[in-house]
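Chemist: I'm passing along coords13.cif; it holds mmCIF, C-alpha atoms.
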data_entry
loop_
_atom_site.label_atom_id
_atom_site.label_comp_id
_atom_site.auth_asym_id
_atom_site.auth_seq_id
_atom_site.Cartn_x
_atom_site.Cartn_y
_atom_site.Cartn_z
CA MET A 1 105.46 165.47 77.87
CA THR A 2 107.36 164.35 80.94
CA LYS A 3 104.58 161.96 81.79
CA ARG A 4 104.65 160.36 78.37
CA ARG A 5 108.43 159.88 78.49
CA ASN A 6 108.11 158.22 81.90
CA GLN A 7 105.56 155.84 80.49
CA GLY A 8 107.94 155.08 77.65
CA VAL A 9 110.69 154.22 80.10
CA ARG A 10 108.36 152.02 82.07
CA ARG A 11 107.23 150.18 78.98
CA GLY A 12 110.84 149.60 77.97
CA GLN A 13 111.61 148.16 81.38
CA LEU A 14 108.57 145.95 81.16
CA ILE A 15 109.64 144.60 77.79
CA ARG A 16 113.14 143.91 79.13
CA LEU A 17 111.66 142.25 82.21
CA HIS A 18 109.39 140.15 80.00
CA ALA A 19 112.32 139.10 77.81
CA ALA A 20 114.34 138.17 80.91
CA ASN A 21 111.42 136.08 82.17
CA GLU A 22 111.12 134.31 78.84
CA ASP A 23 114.86 133.56 78.88
CA TRP A 24 114.60 132.25 82.43
CA LEU A 25 111.69 130.02 81.49
CA ARG A 26 113.46 128.65 78.41
CA ALA A 27 116.60 127.91 80.43
CA ALA A 28 114.60 126.37 83.29
CA PHE A 29 112.53 124.14 81.00
CA ALA A 30 115.50 122.89 78.97
CA PRO A 31 115.10 119.08 78.95
CA PRO A 32 117.49 117.40 81.42
CA ARG A 33 119.76 114.66 80.20
CA PRO A 34 117.98 111.28 80.21
CA PRO A 35 119.47 108.29 82.04
CA LEU A 36 122.38 106.77 80.10
CA ASP A 37 120.65 103.50 79.33
CA LEU A 38 117.20 104.80 78.40
CA ALA A 39 117.51 104.33 74.62
CA ARG A 40 119.05 100.89 75.04
CA THR A 41 116.32 99.81 77.47
CA ILE A 42 113.63 100.98 75.06
CA MET A 43 115.13 98.98 72.18
CA ASP A 44 115.54 95.88 74.38
CA GLN A 45 111.89 96.08 75.38
CA LEU A 46 110.89 96.55 71.78
CA ASP A 47 112.77 93.40 70.76
CA LEU A 48 111.25 91.53 73.65
CA ARG A 49 107.67 92.49 72.89
CA PHE A 50 107.67 92.49 69.13
CA HIS A 51 110.45 90.09 68.17
CA ALA A 52 110.05 87.25 70.64
CA ARG A 53 113.28 86.45 72.40
CA ARG A 54 114.10 83.50 74.57
CA PHE A 55 115.03 85.27 77.80
CA PRO A 56 113.12 88.06 79.61
CA VAL A 57 116.57 89.50 80.39
CA ALA A 58 119.61 88.30 78.48
CA PRO A 59 121.71 86.48 81.11
CA GLU A 60 124.93 87.92 79.67
CA ARG A 61 123.66 91.45 80.31
CA LEU A 62 123.23 90.78 84.03
CA ASN A 63 126.04 91.57 86.38
CA VAL A 64 126.31 90.64 90.04
CA ALA A 65 128.30 91.96 92.99
CA ALA A 66 128.83 90.28 96.34
CA SER A 67 130.19 90.73 99.85
CA PRO A 68 131.40 87.80 101.95
CA ALA A 69 127.83 87.64 103.36
CA GLY A 70 126.09 87.30 100.00
CA ILE A 71 124.92 89.00 96.83
CA THR A 72 124.73 92.79 97.24
CA ARG A 73 123.70 93.85 93.74
CA VAL A 74 122.18 92.55 90.51
CA PHE A 75 122.37 95.10 87.72
CA LEU A 76 122.34 95.51 83.96
CA LYS A 77 125.61 96.13 82.22
CA ARG A 78 125.83 99.51 80.57
CA GLY A 79 124.97 99.63 76.88
CA GLY A 80 127.75 98.33 74.67
CA ASP A 81 129.78 97.00 77.60
CA GLN A 82 131.22 93.72 76.34
CA THR A 83 133.66 93.11 79.16
CA PRO A 84 133.31 89.65 80.67
CA ALA A 85 132.22 89.46 84.30
CA VAL A 86 135.01 89.71 86.86
CA ARG A 87 136.03 86.31 88.17
CA ALA A 88 136.75 86.87 91.83
CA ALA A 89 138.66 84.16 93.65
CA GLY A 90 137.77 82.34 96.86
CA HIS A 91 134.59 82.64 98.84
CA ILE A 92 133.15 85.70 97.04
CA GLY A 93 133.99 84.12 93.70
CA LYS A 94 131.93 81.07 94.65
CA ILE A 95 128.95 83.24 95.64
CA LEU A 96 129.13 85.16 92.36
CA GLU A 97 129.39 81.97 90.35
CA GLN A 98 126.41 80.45 92.13
CA ALA A 99 124.33 83.60 91.58
CA ARG A 100 125.13 83.67 87.84
CA GLU A 101 124.27 80.02 87.46
CA GLU A 102 120.98 80.34 89.36
CA LEU A 103 120.01 83.49 87.45
CA ARG A 104 120.69 81.75 84.14
CA GLU A 105 118.57 78.77 85.17
CA TYR A 106 115.81 81.02 86.48
CA LEU A 107 115.66 83.01 83.24
CA ALA A 108 115.52 79.80 81.24
CA GLY A 109 112.53 78.67 83.33
CA GLU A 110 114.50 75.86 84.96
CA ARG A 111 114.54 77.32 88.47
CA THR A 112 111.82 78.77 90.66
CA PHE A 113 113.78 79.79 93.79
CA PHE A 114 117.21 81.07 94.74
CA THR A 115 119.53 79.52 97.29
CA VAL A 116 122.42 81.97 96.91
CA PRO A 117 122.74 84.16 100.04
CA VAL A 118 121.72 87.80 99.74
CA ASP A 119 123.32 90.62 101.72
CA LEU A 120 120.89 93.48 102.37
CA SER A 121 122.88 94.97 105.26
CA GLN A 122 123.44 98.21 103.32
CA VAL A 123 119.69 98.72 102.82
CA PRO A 124 117.83 100.94 105.36
CA PRO A 125 115.59 99.01 107.81
CA PHE A 126 112.15 99.80 106.34
CA GLU A 127 113.25 99.04 102.78
CA ARG A 128 114.95 95.88 103.96
CA SER A 129 111.84 94.56 105.70
CA ALA A 130 109.74 95.39 102.61
CA LEU A 131 112.20 93.46 100.42
CA GLU A 132 112.23 90.52 102.82
CA MET A 133 108.45 90.44 102.60
CA ALA A 134 108.62 90.51 98.79
CA ALA A 135 111.05 87.58 98.91
CA GLN A 136 108.27 85.47 100.44
CA ILE A 137 105.90 85.89 97.50
CA PRO A 138 105.77 82.48 95.80
CA TYR A 139 106.98 81.93 92.25
CA GLY A 140 104.27 82.63 89.68
CA GLU A 141 102.16 84.74 92.05
CA VAL A 142 101.81 88.48 92.57
CA ARG A 143 100.97 90.70 95.54
CA SER A 144 100.18 94.40 95.76
CA TYR A 145 102.34 97.16 97.22
CA LYS A 146 99.52 97.58 99.74
CA TRP A 147 99.71 93.90 100.74
CA ILE A 148 103.33 94.37 101.78
CA ALA A 149 102.54 97.66 103.53
CA GLU A 150 99.80 95.94 105.54
CA ARG A 151 102.02 93.01 106.44
CA LEU A 152 104.58 95.48 107.77
CA GLY A 153 101.89 97.05 109.95
CA LYS A 154 101.90 100.29 107.94
CA PRO A 155 98.85 100.05 105.67
CA GLU A 156 99.25 103.67 104.51
CA ALA A 157 102.83 103.11 103.33
CA ALA A 158 102.10 101.54 99.91
CA ARG A 159 103.95 104.31 98.10
CA ALA A 160 106.97 103.87 100.41
CA VAL A 161 106.89 100.14 99.63
CA GLY A 162 106.89 101.10 95.93
CA ASN A 163 110.00 103.17 96.51
CA ALA A 164 111.62 100.30 98.40
CA MET A 165 110.94 97.97 95.44
CA ALA A 166 112.26 100.61 93.01
CA SER A 167 115.53 100.75 94.95
CA ASN A 168 115.83 96.95 95.29
CA PRO A 169 119.57 96.34 94.86
CA VAL A 170 119.08 92.67 93.94
CA PRO A 171 116.21 92.49 91.41
CA ILE A 172 115.10 89.01 90.23
CA ILE A 173 116.73 87.27 93.21
CA VAL A 174 114.54 89.33 95.52
CA PRO A 175 111.44 89.14 93.31
CA CYS A 176 110.20 92.74 93.42
CA HIS A 177 108.70 92.04 89.98
CA ARG A 178 105.99 90.04 91.80
CA VAL A 179 104.74 93.23 93.46
CA VAL A 180 102.11 95.11 91.43
CA ARG A 181 99.48 97.79 91.94
CA THR A 182 96.20 97.10 93.72
CA ASP A 183 94.27 97.74 90.49
CA GLY A 184 96.25 94.95 88.82
CA SER A 185 98.43 97.21 86.65
CA LEU A 186 102.12 96.52 86.78
CA GLY A 187 103.57 99.56 88.56
CA GLY A 188 107.23 100.21 87.84
CA TYR A 189 110.37 98.16 87.36
CA SER A 190 113.97 99.24 87.36
CA PHE A 191 114.78 96.93 84.42
CA GLY A 192 111.81 98.26 82.43
CA LEU A 193 108.13 97.39 82.45
CA VAL A 194 108.26 94.96 79.54
CA ARG A 195 110.88 92.95 81.42
CA LYS A 196 108.61 92.87 84.47
CA GLU A 197 105.72 91.69 82.31
CA SER A 198 107.93 89.13 80.66
CA LEU A 199 109.32 87.77 83.97
CA LEU A 200 105.77 87.32 85.26
CA GLU A 201 104.80 85.68 81.99
CA LEU A 202 107.75 83.30 82.29
CA GLU A 203 106.64 82.38 85.82
CA ARG A 204 103.03 81.90 84.78
CA ARG A 205 104.07 79.46 82.08
CA ARG A 206 106.08 77.22 84.40
CA ALA A 207 104.58 75.00 87.04
CA ALA A 208 106.54 75.75 90.18
CA TYR A 209 106.56 72.26 91.70
CA VAL A 210 107.69 68.91 90.38
CA GLY A 211 106.86 65.66 92.10
CA CYS A 212 108.23 62.16 91.66
CA ALA A 213 105.46 59.61 91.12
CA THR A 214 107.43 56.74 92.70
CA THR A 215 108.72 58.43 95.87
CA LYS A 216 105.70 60.76 96.27
CA ILE A 217 108.08 63.58 97.15
CA VAL A 218 107.54 67.04 95.72
CA CYS A 219 110.33 69.56 95.00
CA ARG A 220 110.49 73.17 93.93
CA ARG A 221 111.63 73.40 90.32
CA GLY A 222 115.40 73.78 90.25
CA CYS A 223 116.13 71.58 93.28
CA GLN A 224 118.99 69.11 92.78
CA ALA A 225 116.66 66.22 93.66
CA GLU A 226 114.07 67.44 91.16
CA ARG A 227 116.63 67.16 88.37
CA ARG A 228 117.18 63.48 89.08
CA VAL A 229 113.50 62.60 88.70
CA ARG A 230 113.14 60.52 85.55
CA GLU A 231 111.02 61.77 82.68
CA GLY A 232 108.24 59.20 83.02
CA ASN A 233 107.86 59.83 86.76
CA ARG A 234 107.61 63.61 86.70
CA VAL A 235 104.38 65.25 87.86
CA SER A 236 103.96 69.03 87.74
CA PHE A 237 102.05 71.07 90.30
CA VAL A 238 101.15 74.74 90.23
CA SER A 239 101.06 75.06 94.02
CA PHE A 240 102.33 73.05 96.97
CA GLU A 241 98.74 72.72 98.19
CA ASP A 242 97.85 70.80 95.03
CA ALA A 243 100.77 68.46 95.60
CA ARG A 244 99.86 67.84 99.23
CA ALA A 245 96.26 67.18 98.28
CA SER A 246 97.58 64.46 95.96
CA GLY A 247 99.47 62.83 98.83
CA TYR A 248 102.97 64.22 98.18
CA THR A 249 105.38 65.16 100.97
CA PRO A 250 107.82 68.07 100.70
CA CYS A 251 111.46 67.48 99.79
CA SER A 252 113.87 68.11 102.65
CA ILE A 253 116.54 69.67 100.43
CA CYS A 254 114.52 72.50 98.87
CA GLN A 255 111.88 72.54 101.62
CA ALA A 256 109.04 72.73 99.16
CA ALA A 257 106.41 73.44 101.82
CA MET B 1 125.98 97.25 61.81
CA LEU B 2 126.55 98.85 58.41
CA ARG B 3 122.89 99.67 57.96
CA GLU B 4 122.83 101.20 61.43
CA ALA B 5 125.73 103.50 60.52
CA ALA B 6 124.10 104.48 57.26
CA VAL B 7 120.97 105.65 59.02
CA SER B 8 122.69 107.76 61.64
CA ARG B 9 125.00 109.40 59.07
CA SER B 10 122.33 110.60 56.68
CA HIS B 11 120.31 113.64 57.73
CA ASN B 12 116.96 111.98 57.50
CA SER B 13 113.84 113.81 58.50
CA ASP B 14 111.74 112.29 61.29
CA GLU B 15 109.02 111.54 58.77
CA SER B 16 111.21 109.60 56.35
CA LEU B 17 112.85 107.73 59.24
CA PHE B 18 109.44 106.65 60.43
CA GLN B 19 108.48 105.53 56.93
CA GLN B 20 111.48 103.22 57.14
CA VAL B 21 110.21 101.97 60.51
CA GLN B 22 106.93 101.15 58.79
CA LYS B 23 108.92 99.08 56.31
CA GLY B 24 110.39 97.10 59.22
CA ARG B 25 113.70 98.87 59.76
CA ARG B 26 114.62 98.49 63.43
CA ASP B 27 117.65 100.76 63.05
CA ALA B 28 115.46 103.64 61.87
CA PHE B 29 113.42 103.32 65.05
CA ALA B 30 116.64 103.23 67.11
CA ALA B 31 117.69 106.50 65.43
CA LEU B 32 114.37 108.12 66.35
CA VAL B 33 114.66 106.90 69.95
CA GLU B 34 118.14 108.41 70.06
CA ARG B 35 116.84 111.67 68.64
CA TYR B 36 113.77 112.02 70.83
CA GLN B 37 114.81 110.48 74.13
CA GLN B 38 115.98 113.75 75.70
CA PRO B 39 113.02 115.96 74.72
CA ALA B 40 110.67 113.13 75.67
CA TYR B 41 112.31 112.57 79.03
CA GLY B 42 112.09 116.32 79.70
CA VAL B 43 108.34 116.38 79.07
CA ALA B 44 107.72 113.30 81.21
CA LEU B 45 109.83 114.57 84.10
CA ARG B 46 108.09 117.97 84.10
CA LEU B 47 104.70 116.30 84.11
CA LEU B 48 105.32 113.45 86.52
CA GLY B 49 107.98 114.91 88.78
CA ARG B 50 109.73 111.63 89.55
CA ARG B 51 112.57 110.19 87.53
CA GLN B 52 111.44 106.57 87.73
CA ASP B 53 107.91 107.47 86.59
CA ALA B 54 109.34 109.64 83.81
CA GLU B 55 111.49 106.77 82.53
CA ASP B 56 108.52 104.39 82.58
CA ALA B 57 106.31 106.88 80.73
CA VAL B 58 108.93 107.48 78.04
CA GLN B 59 109.37 103.72 77.55
CA GLN B 60 105.60 103.27 77.34
CA ALA B 61 105.31 106.10 74.82
CA PHE B 62 107.94 104.64 72.50
CA LEU B 63 106.38 101.19 72.71
CA ARG B 64 102.92 102.60 71.94
CA LEU B 65 104.45 104.53 69.06
CA TYR B 66 105.91 101.34 67.65
CA GLU B 67 102.72 99.42 68.22
CA ALA B 68 100.74 102.05 66.29
CA ARG B 69 103.31 102.37 63.51
CA ALA B 70 100.93 101.19 60.81
CA THR B 71 98.46 104.00 61.54
CA TYR B 72 100.95 106.80 60.97
CA ASP B 73 100.40 108.96 57.90
CA SER B 74 103.77 110.29 56.75
CA ARG B 75 102.23 113.47 55.35
CA ARG B 76 101.56 114.50 58.93
CA ARG B 77 104.28 115.84 61.12
CA PHE B 78 105.99 113.10 63.13
CA SER B 79 106.74 115.26 66.19
CA THR B 80 103.06 116.21 66.59
CA TRP B 81 102.05 112.57 66.60
CA PHE B 82 104.85 111.56 68.93
CA TYR B 83 104.14 114.31 71.48
CA ARG B 84 100.47 113.37 71.45
CA ILE B 85 101.29 109.75 72.34
CA LEU B 86 103.83 110.88 74.94
CA THR B 87 101.62 113.42 76.71
CA ASN B 88 98.74 110.94 76.71
CA ALA B 89 100.99 108.31 78.29
CA CYS B 90 101.95 110.83 80.99
CA VAL B 91 98.33 111.86 81.61
CA ASP B 92 97.36 108.18 81.94
CA GLU B 93 100.09 107.75 84.52
CA LEU B 94 98.91 110.84 86.42
CA ARG B 95 95.32 109.59 86.44
CA ARG B 96 96.28 106.17 87.66
CA ARG B 97 98.50 107.54 90.36
CA ARG B 98 96.75 107.59 93.70
CA PRO B 99 97.30 109.47 95.93
CA MET B 100 99.02 112.38 94.20
CA VAL B 101 102.71 112.64 94.85
CA SER B 102 103.29 114.92 97.78
CA LEU B 103 105.24 118.12 97.23
CA GLU B 104 108.13 116.77 99.28
CA GLU B 105 108.67 114.10 96.68
CA TRP B 106 108.70 116.55 93.83
CA HIS B 107 112.02 118.21 94.26
CA GLU B 108 114.73 115.71 93.78
CA PRO B 109 118.06 116.69 95.29
CA GLU B 110 119.87 114.24 93.01
CA ALA B 111 117.89 115.08 89.89
CA GLU B 112 121.05 116.21 88.08
CA GLY B 113 124.35 114.44 87.64
CA PRO B 114 127.66 115.84 88.81
CA ASP B 115 128.38 117.19 85.31
CA HIS B 116 125.79 119.92 85.78
CA SER B 117 126.41 123.21 87.53
CA VAL B 118 125.06 123.87 91.02
CA GLU B 119 123.03 126.75 89.61
CA ARG B 120 121.41 124.49 87.05
CA ALA B 121 120.56 121.87 89.68
CA GLU B 122 119.04 124.52 91.94
CA ARG B 123 116.94 125.90 89.08
CA GLU B 124 115.78 122.38 88.31
CA ARG B 125 114.74 121.78 91.91
CA VAL B 126 112.87 125.08 92.20
CA LEU B 127 111.07 124.56 88.90
CA GLN B 128 109.97 121.01 89.68
CA ALA B 129 108.58 122.05 93.06
CA ALA B 130 106.72 125.04 91.59
CA LEU B 131 105.36 123.02 88.64
CA ALA B 132 103.51 120.73 91.04
CA ARG B 133 101.20 123.69 91.71
CA VAL B 134 100.38 124.26 88.04
CA PRO B 135 97.28 122.52 86.59
CA VAL B 136 98.13 119.54 84.37
CA GLU B 137 97.03 120.92 81.00
CA ALA B 138 98.86 124.21 81.60
CA ARG B 139 101.91 122.23 82.69
CA ILE B 140 101.87 120.31 79.41
CA VAL B 141 101.58 123.52 77.39
CA LEU B 142 104.32 125.30 79.36
CA THR B 143 106.67 122.35 78.92
CA LEU B 144 106.08 121.89 75.21
CA TYR B 145 106.39 125.64 74.59
CA TYR B 146 109.45 126.48 76.69
CA GLY B 147 111.17 123.13 76.96
CA ASN B 148 110.60 121.69 73.50
CA GLY B 149 110.18 124.85 71.41
CA LEU B 150 106.80 123.89 69.92
CA GLY B 151 104.60 126.68 68.53
CA TYR B 152 100.99 127.40 69.47
CA ARG B 153 99.66 125.66 66.39
CA GLU B 154 101.58 122.44 66.93
CA ILE B 155 100.75 122.33 70.66
CA GLY B 156 97.11 122.75 69.66
CA ALA B 157 97.43 119.80 67.29
CA VAL B 158 99.20 117.70 69.95
CA ARG B 159 96.55 118.32 72.58
CA GLY B 160 93.57 118.51 70.22
CA THR B 161 92.65 122.10 71.15
CA SER B 162 92.57 125.48 69.41
CA MET B 163 95.46 127.92 69.31
CA ASN B 164 93.53 130.26 71.57
CA THR B 165 93.09 127.58 74.19
CA VAL B 166 96.82 126.94 74.04
CA LYS B 167 97.53 130.65 74.59
CA THR B 168 95.12 130.73 77.52
CA HIS B 169 96.78 127.70 79.14
CA LEU B 170 100.17 129.25 78.57
CA ARG B 171 99.12 132.51 80.21
CA ARG B 172 97.49 130.72 83.14
CA GLY B 173 100.44 128.40 83.47
CA ARG B 174 102.91 131.27 83.63
CA LEU B 175 100.81 133.02 86.28
CA ALA B 176 100.43 129.86 88.38
CA LEU B 177 104.13 129.15 88.06
CA ARG B 178 105.05 132.70 89.05
CA LYS B 179 102.72 132.51 92.04
CA ALA B 180 104.22 129.20 93.14
CA LEU B 181 107.75 130.55 92.75
CA ARG B 182 106.90 133.66 94.78
CA ALA B 183 105.26 131.53 97.46
CA ARG B 184 108.53 129.67 97.80
CA GLY B 185 110.36 132.98 98.14
CA MET B 186 111.91 132.62 94.71
CA ASN B 187 111.96 135.08 91.90
CA GLU B 188 112.30 133.79 88.39
CA SER B 189 114.66 136.57 87.24
#
Turn this file's structure into structure tokens for me.
Modeler:
Amino acid sequence: MTKRRNQGVRRGQLIRLHAANEDWLRAAFAPPRPPLDLARTIMDQLDLRFHARRFPVAPERLNVAASPAGITRVFLKRGGDQTPAVRAAGHIGKILEQAREELREYLAGERTFFTVPVDLSQVPPFERSALEMAAQIPYGEVRSYKWIAERLGKPEAARAVGNAMASNPVPIIVPCHRVVRTDGSLGGYSFGLVRKESLLELERRRAAYVGCATTKIVCRRGCQAERRVREGNRVSFVSFEDARASGYTPCSICQAA
Amino acid sequence: MLREAAVSRSHNSDESLFQQVQKGRRDAFAALVERYQQPAYGVALRLLGRRQDAEDAVQQAFLRLYEARATYDSRRRFSTWFYRILTNACVDELRRRRPMVSLEEWHEPEAEGPDHSVERAERERVLQAALARVPVEARIVLTLYYGNGLGYREIGAVRGTSMNTVKTHLRRGRLALRKALRARGMNES
């Protein structure tokens, strides 16, 4: 009799314990709040992939921030934010203006390099050196995370390079979109994978170098000298090597070499 | 704008919303993204452990969903189909990922915003770290069952297995999770 009652008590406790566990599990597994811009990013990518749009990233959605030393951030405006970009005065204002102009030209396929100064002084040393390495990848080409890791003398640090690219404060200007996985798949991108794909597609479509047939000088696309080359004299090159093989010398303004 | 408002105001079922997507209504798809982004993000985060990977997987899943819109049969349950695409996208990501994410990377101190309680953030951290020790299929089943409130039958349909297999994974998953929590000196109650 006593034994049976004890068993009953134990079973009751077990059921309560089980219920408490179930409650704990339900509470623990409750889906966390997604990032604020997730839905917006998904719809942007959808439009980009299925309803062809002119720009990989709409220039008016890009925002820039700067210190006196250069651009510190390139970021997407929050969904629905229609406020015009802040027009800072003086030196910083000039840097911001230059960055916006170059970004717009780049996104339209009219520019293949950036001249606006970049300030990475707030980025930790390893990440900074990884980003500086990424900045050397030529327009229209890609390298792997491992390639950067090896160049930095840390061949095992591919994943850390991936993290450095993911935390790139100045996407597009520092072209972390040109860094992909060793197996050729895209990896990640803070602006969304379709944008990464679409930036690379934009770069693939545009020859990076433009030469002038009369002067035999070759410029990177977007150089001020390149824009003065007349229509009939323009020659496009995919790489500088091609241009040199055809007897062209590099422009001293954009240092095409 | 007006059409967008009309969609979000009416209490459309997932299935009828998706039928509108099939007819080319972008706003219907936007409504579904709005509706499913949180549960989807939860699944992806539990399976992949890192926020950036979770975001990518959710984006991929929605794009695949849209791409395959013509193949959807509206007599079937939308959520089943969606969770199948989502969990497959996550499994693809896990397979491709080499080497596996180390345990140190799993718990993310900043996984929760400041609007969440300390207790909640701590629970999140503990769970994520323990989940890394649970086999993938059991992790999927645990997440869909406890996080998304799916029943055995639907989970079976999502993963293409029987109800009994689902129950087995659930039982194993709970045990593995409990073991991992104990190993970390945590008790789930």
Chemist: In Å, rounded to a single decimal, give me how far atom CA of B:Ala129 is from atom CA of B:Arg171.
Modeler: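 Distance between the two atoms: 19.1 Å.
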Chemist: Kindly give the distance, in Å, that separates atom CA of A:Phe114 and atom CA of A:Arg244, rounded to a single decimal.
Modeler: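 A separation of 22.3 Å between them.
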Chemist: Mind listing as a PyMOL selection string which residues of chain B are within 6 Å of chain A, counting all atoms listed in the file?
Modeler: chain B and resi 38-39+41-42+59+146-147
Chemist: Write the residues you've just listed into a file as a short mmCIF file (atom, residue, chain, number, x, y, z; two decimals), keeping the file's coordinate frame, and include C-alpha atoms for each of them.
Modeler:
data_model
loop_
_atom_site.label_atom_id
_atom_site.label_comp_id
_atom_site.auth_asym_id
_atom_site.auth_seq_id
_atom_site.Cartn_x
_atom_site.Cartn_y
_atom_site.Cartn_z
CA GLN B 38 115.98 113.75 75.70
CA PRO B 39 113.02 115.96 74.72
CA TYR B 41 112.31 112.57 79.03
CA GLY B 42 112.09 116.32 79.70
CA GLN B 59 109.37 103.72 77.55
CA TYR B 146 109.45 126.48 76.69
CA GLY B 147 111.17 123.13 76.96
#
Chemist: Taking (92.4, 113.9, 75.1) in the file's coordinates, which residues come within 10 Å, counting all atoms listed in the file, written as a PyMOL selection string?
Modeler: chain B and resi 84+87-88+91+158-161
Chemist: Using only C-alpha atoms, find the one residue out of A:Arg205, A:Lys154, A:Arg78, A:Arg111 that sits nearest to A:Glu141.
Modeler: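 Of the candidates, the smallest distance to A:Glu141 is held by A:Arg205.
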Chemist: What would the selection look like, as a PDB file with C-alpha atoms, keeping the file's coordinate frame, if the PyMOL selection byres ((chain A and resi 204) around 12) were run on the coordinates I just shared?
Modeler:
ATOM      1  CA  GLY A 109     112.530  78.670  83.330  1.00  0.00           C
ATOM      2  CA  THR A 112     111.820  78.770  90.660  1.00  0.00           C
ATOM      3  CA  PRO A 138     105.770  82.480  95.800  1.00  0.00           C
ATOM      4  CA  TYR A 139     106.980  81.930  92.250  1.00  0.00           C
ATOM      5  CA  GLY A 140     104.270  82.630  89.680  1.00  0.00           C
ATOM      6  CA  GLU A 141     102.160  84.740  92.050  1.00  0.00           C
ATOM      7  CA  VAL A 142     101.810  88.480  92.570  1.00  0.00           C
ATOM      8  CA  ARG A 178     105.990  90.040  91.800  1.00  0.00           C
ATOM      9  CA  GLU A 197     105.720  91.690  82.310  1.00  0.00           C
ATOM     10  CA  SER A 198     107.930  89.130  80.660  1.00  0.00           C
ATOM     11  CA  LEU A 199     109.320  87.770  83.970  1.00  0.00           C
ATOM     12  CA  LEU A 200     105.770  87.320  85.260  1.00  0.00           C
ATOM     13  CA  GLU A 201     104.800  85.680  81.990  1.00  0.00           C
ATOM     14  CA  LEU A 202     107.750  83.300  82.290  1.00  0.00           C
ATOM     15  CA  GLU A 203     106.640  82.380  85.820  1.00  0.00           C
ATOM     16  CA  ARG A 205     104.070  79.460  82.080  1.00  0.00           C
ATOM     17  CA  ARG A 206     106.080  77.220  84.400  1.00  0.00           C
ATOM     18  CA  ALA A 207     104.580  75.000  87.040  1.00  0.00           C
ATOM     19  CA  ALA A 208     106.540  75.750  90.180  1.00  0.00           C
ATOM     20  CA  VAL A 238     101.150  74.740  90.230  1.00  0.00           C
ATOM     21  CA  SER A 239     101.060  75.060  94.020  1.00  0.00           C
TER      22      SER A 239
END
Chemist: For atom CA of A:Leu96 and atom CA of A:Ser121, quote the distance in Å rounded to one decimal.
Modeler: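 That distance, rounded to one decimal, is 17.4 Å.
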Chemist: For the structure shown, which residues end up in the PyMOL selection byres ((chain B and resi 141) around 9)? Put them as a list in words, please?
Modeler: Val136, Glu137, Ala138, Arg139, Ile140, Leu142, Thr143, Leu144, Tyr145, Tyr146, Tyr152, Ile155, Gly156, Arg159, Val166, Lys167, His169, Leu170 and Gly173 of chain B
Chemist: Give as a PyMOL selection string the residues that the PyMOL selection byres ((chain A and resi 63-68) around 8) matches when applied to the coordinates above.
Modeler: chain A and resi 60-62+69-77+85+91-92+95-96+99-100+119
Chemist: Kindly provide, as JSON, the centre and edge lengths (Å, one decimal) of an axis-aligned box around all atoms of stretch 167-175 of chain A given in the file, with 3 Å on each side.
Modeler:
{"center_x": 115.5, "center_y": 94.0, "center_z": 92.9, "size_x": 14.1, "size_y": 19.5, "size_z": 11.3}
Chemist: For a quick check of your reading of the model, name the residues lying within 12 Å of the coordinate (101.5, 111.1, 58.2), counting only C-alpha atoms, and write them as number ranges by chain.
Modeler: B: 14-19, 22, 69-82
